[in-house]
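Remarks on the structure that follows.
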Amino acid sequence: MTPARKGLLLINLGTPDAPETGAVRRYLREFLSDPRVVDIHPVGRWFLLNFIILPFRSPKSAHAYRTIWTEQGSPLMVHSRALEKAVAERLSGEYEVELAMRYGNPSLPDAVARLRARGVADFTVLPLYPQEAPSSSGSSLARTYEVLSSPWDVPNVRVVPAFHAHPAFLDAFTEVARPVISDARADHVLFSFHGVPERHVRRSDASGSHCLASAGCCDALTDANRHCYRAQCFATARGLAKRLGLTPDGWSVSFQSRLGRTPWVQPYTDVVLPELAARGVKRLAVMCPAFVADCLETVEEVAIRGRDQFLASGGESFTLVPSLNSHPAWVEAVVRLVRESEAAATSVPVAAATPAVPNRAG
Ligand SMILES: C=CC1=C(C)c2cc3[nH]c(cc4nc(cc5[nH]c(cc1n2)c(C)c5CCC(=O)O)C(CCC(=O)O)=C4C)c(C)c3C=C
Ligand SMILES: [Fe+2]
């Protein structure tokens with residue numbers, strides 16, 4: 001019997017189809033209706049969405065998208081498509097590869113249908129978020145399971161775990177960053193991650209008492225915080241700082257993109273930027289290692305608004321390190337993540353099925 005054809009689903013968050021208020025509104029409606037993103041009572045979410053977020057945020061975000069839109073479309077889509085193409089070429093004959101977006105297009109049901117039409121019955125799913133969060137990788141996986149379980153047959157599914165501290169990811173980002181930081185003669189590197197509400201981190205705290213309970217709760221990854229988004233961000237930053245040879249006061253961490261009035265994980269990027277300038281940092285390089293592709297949050301929020309803020313606070317130069325996008329080192333890293341997850345998945349049942357070697361003494 002020939003083995004089932006293998007498919008690789010690369011999943012990212014999604015982006016509007018056009019930088020117009022209507023398209024942004026449709027995208028935000030789907031995104032912010034997700035209970036893993038806005039985790040409040042459904043009635044409250046409906047009111048918040050329809051009376052506050054959609055009417056006010058859609059035109060404002062559409063304007064922001066227009067400042068970064070390219071001839072080929074939204075940067076997130078352009079880079080994700082380029083990655084899909086490069087990975088498909090690299091894994092040709094081994095995997096059928098499709099890009100899917102959690103919100104918007106190409107939709108998860110369409111991408112899965114395209115893989116199924118090519119005979120795929122064995123799926124590897126790679127959520128393109130280095131750090132795991134219920135609002136990003138969690139939601140993408142939950143929706144993928146739902147789509148794959150319908151209508152009748154349920155295929156084999158392997159998930160590539162979060163790769164926040166995987167050497168292939170850290171090495172690829174280091175390769176991209178090193179020449180940029182050196183050309184910029186940066187005297188400080190800020191690792192700015194997408195934030196999440198503090199409530200989300202607390203809800204994921206299996207110990208019930210570790211997360212955000214002390215100033216140093218994310219200083220190391222332990223059993224207590226292994227699945228904590230903020231702790232994984234700090235682990236990524238430590239891994240990159242080490243590879244880049246940064247001194248302890250030559251780098252810091254912050255969290256961007258907060259939405260609403262509830263507290264999000266801190267320190268906030270828009271608070272840290274003027275603080276760094278006030279501390280005497282002159283030439284700043286910023287890396288955004290929660291994003292594997294440049295997008296609104298890196299190009300508009302950091303490279304445009306962040307730069308303005310830092311320079312207005314007394315900084316002299318501001319350089320955004322580009323994301324991994326479709327850099328060859330990242331394509332190779334993706335191939336390695338996929339192959340390793342397949343090897344791990346196939347080795348587990350074999351190991352489990354192997355009887356324990358009897359103790360000589362016994
Ligand atoms: C990197 C992982 C991401 C997490 C975690 C995440 C959580 C999260 N995001 C919002 C609200 C918004 N995010 C928006 C854009 C956006 N978010 C991510 C990634 C994560 N979000 C990406 C890659 C992007 C860029 C998309 C693009 O088109 O380029 C937006 C839309 C833009 C805007 O209006 O600002 C919103 C809104 C919440 C509430 C949240 C966790 C609760
Ligand atoms: Fe976001």
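Ligands are numbered from 1 in the order shown, residues from 1 within each chain, and chains are lettered A, B, ... in the order they appear in the structure tokens.
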
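With only C-alpha atoms and all ligand atoms as the atoms that count, the set of residues no farther than 10 Å from ligand 2 is A:Leu13, A:Gly14, A:Phe31, A:Leu32, A:Val37, A:Ser135, A:Ser136, A:His194, A:Gly195, A:Val196, A:Gln256, A:Ser257, A:Arg258, A:Leu259, A:Phe291, A:Leu296, A:Glu297.
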
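Residues in contact range of range 274-290 of chain A, defined as at most 6 Å between only C-alpha atoms, with sequence neighbours fewer than 2 positions away removed, read Ala186, Asp187, His188, Val189, Leu190, Phe191, Ser192, Phe193, Val272, Phe310, Ser313, Gly314, Gly315, Glu316, Ser317, Phe318, Thr319, Leu320 and Val321 of chain A.
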
Output for the residues just chosen: C-alpha atoms as a short mmCIF file (atom, residue, chain, number, x, y, z; two decimals), in the first residue's frame:
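Saved file part.cif follows:
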```
data_model
loop_
_atom_site.label_atom_id
_atom_site.label_comp_id
_atom_site.auth_asym_id
_atom_site.auth_seq_id
_atom_site.Cartn_x
_atom_site.Cartn_y
_atom_site.Cartn_z
CA ALA A 186 23.69 50.37 16.99
CA ASP A 187 24.53 51.07 20.62
CA HIS A 188 21.43 49.19 21.83
CA VAL A 189 19.09 46.48 20.50
CA LEU A 190 15.43 46.48 21.53
CA PHE A 191 13.51 43.21 21.09
CA SER A 192 9.92 44.37 20.64
CA PHE A 193 7.34 41.55 20.76
CA VAL A 272 10.54 52.04 26.58
CA PHE A 310 12.55 57.68 19.42
CA SER A 313 12.91 61.89 22.31
CA GLY A 314 16.55 62.65 21.46
CA GLY A 315 17.68 59.47 19.64
CA GLU A 316 19.89 59.93 16.57
CA SER A 317 19.20 56.87 14.45
CA PHE A 318 16.61 54.11 14.43
CA THR A 319 16.90 50.92 12.38
CA LEU A 320 14.29 48.21 12.07
CA VAL A 321 15.88 44.81 11.50
#
```

>> Write out as a ChimeraX atom specification the set of residues from range 21-204 of chain A that DSSP, computed on the backbone, places in helix (DSSP H, G or I).
In response: /A:21-32,42-68,75-90,108-117,134-148,167-183,198-203

> Of the candidates A:Ser74, A:Ser207, A:Ser252, A:Asn325, which one gets nearest to Thr222 in chain A if we count only C-alpha atoms?
Replying inline: A:Ser207

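Ranking A:Ala86, A:Val125, A:Ile181, A:Ala23 by their shortest atom-to-atom distance to Leu8 in chain A, with only C-alpha atoms included, puts A:Val125 first.
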
> Per DSSP on the backbone, what are the strand (DSSP E) residues of range 93-327 of chain A, as a PyMOL selection string?
Replying inline: chain A and resi 96-101+120-127+156-159+188-194+251-256+283-287+317-320

Emit the selected residues as a compact mmCIF listing (two decimals), in the first residue's frame, including C-alpha atoms.
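For reference, selection-v9.txt as written:
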```
# COMPACT_ATOMS: atom_id res chain seq x y z
CA GLU A 96 2.36 19.42 -0.87
CA VAL A 97 2.57 22.91 0.66
CA GLU A 98 -0.21 25.46 1.21
CA LEU A 99 -0.35 28.79 3.01
CA ALA A 100 -3.48 29.49 5.07
CA MET A 101 -4.47 32.53 7.07
CA VAL A 120 -3.20 14.61 1.03
CA ALA A 121 -4.32 12.58 4.02
CA ASP A 122 -1.39 13.21 6.35
CA PHE A 123 -1.04 16.80 7.56
CA THR A 124 1.81 18.69 9.17
CA VAL A 125 0.71 22.04 10.58
CA LEU A 126 3.20 24.81 11.20
CA PRO A 127 1.72 27.87 12.94
CA ASN A 156 -3.28 12.21 10.62
CA VAL A 157 -2.18 15.56 12.00
CA ARG A 158 1.24 16.56 13.26
CA VAL A 159 1.85 19.96 14.79
CA HIS A 188 21.43 49.19 21.83
CA VAL A 189 19.09 46.48 20.50
CA LEU A 190 15.43 46.48 21.53
CA PHE A 191 13.51 43.21 21.09
CA SER A 192 9.92 44.37 20.64
CA PHE A 193 7.34 41.55 20.76
CA HIS A 194 3.62 41.66 20.05
CA TRP A 251 19.64 44.97 24.88
CA SER A 252 16.15 45.08 26.33
CA VAL A 253 12.69 43.64 25.79
CA SER A 254 9.35 45.36 25.26
CA PHE A 255 5.80 44.57 24.09
CA GLN A 256 3.87 46.47 21.43
CA ARG A 283 21.61 54.59 17.70
CA LEU A 284 18.89 52.04 18.25
CA ALA A 285 18.23 48.82 16.33
CA VAL A 286 14.84 47.17 16.85
CA MET A 287 14.09 43.51 16.21
CA SER A 317 19.20 56.87 14.45
CA PHE A 318 16.61 54.11 14.43
CA THR A 319 16.90 50.92 12.38
CA LEU A 320 14.29 48.21 12.07
```

>> I'd like the contact shell of Trp330 in chain A - 10 Å cut-off, only C-alpha atoms, skipping same-chain residues fewer than 2 positions apart - returned as a list in words.
In response: Leu83, Ala86, Val87, Ala168, Phe169, Leu170, Asp171, Ala172, Phe173, Glu175, Val176, Val292, Ser323, Leu324, Asn325, Ser326, His327, Pro328, Glu332, Ala333, Val334, Val335 and Arg336 of chain A

>> My list of candidates is A:Asn105, A:Ser139, A:Tyr229, A:Gly73. Which is closest to Ser33 in chain A when distances are computed with only C-alpha atoms?
In response: A:Ser139

> Counting only C-alpha atoms, which of A:Tyr95, A:Trp152, A:Phe234, A:Trp264 gets nearest to Arg199 in chain A?
Replying inline: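 Looking only at the distances to Arg199 in chain A, the closest residue turns out to be A:Trp264.
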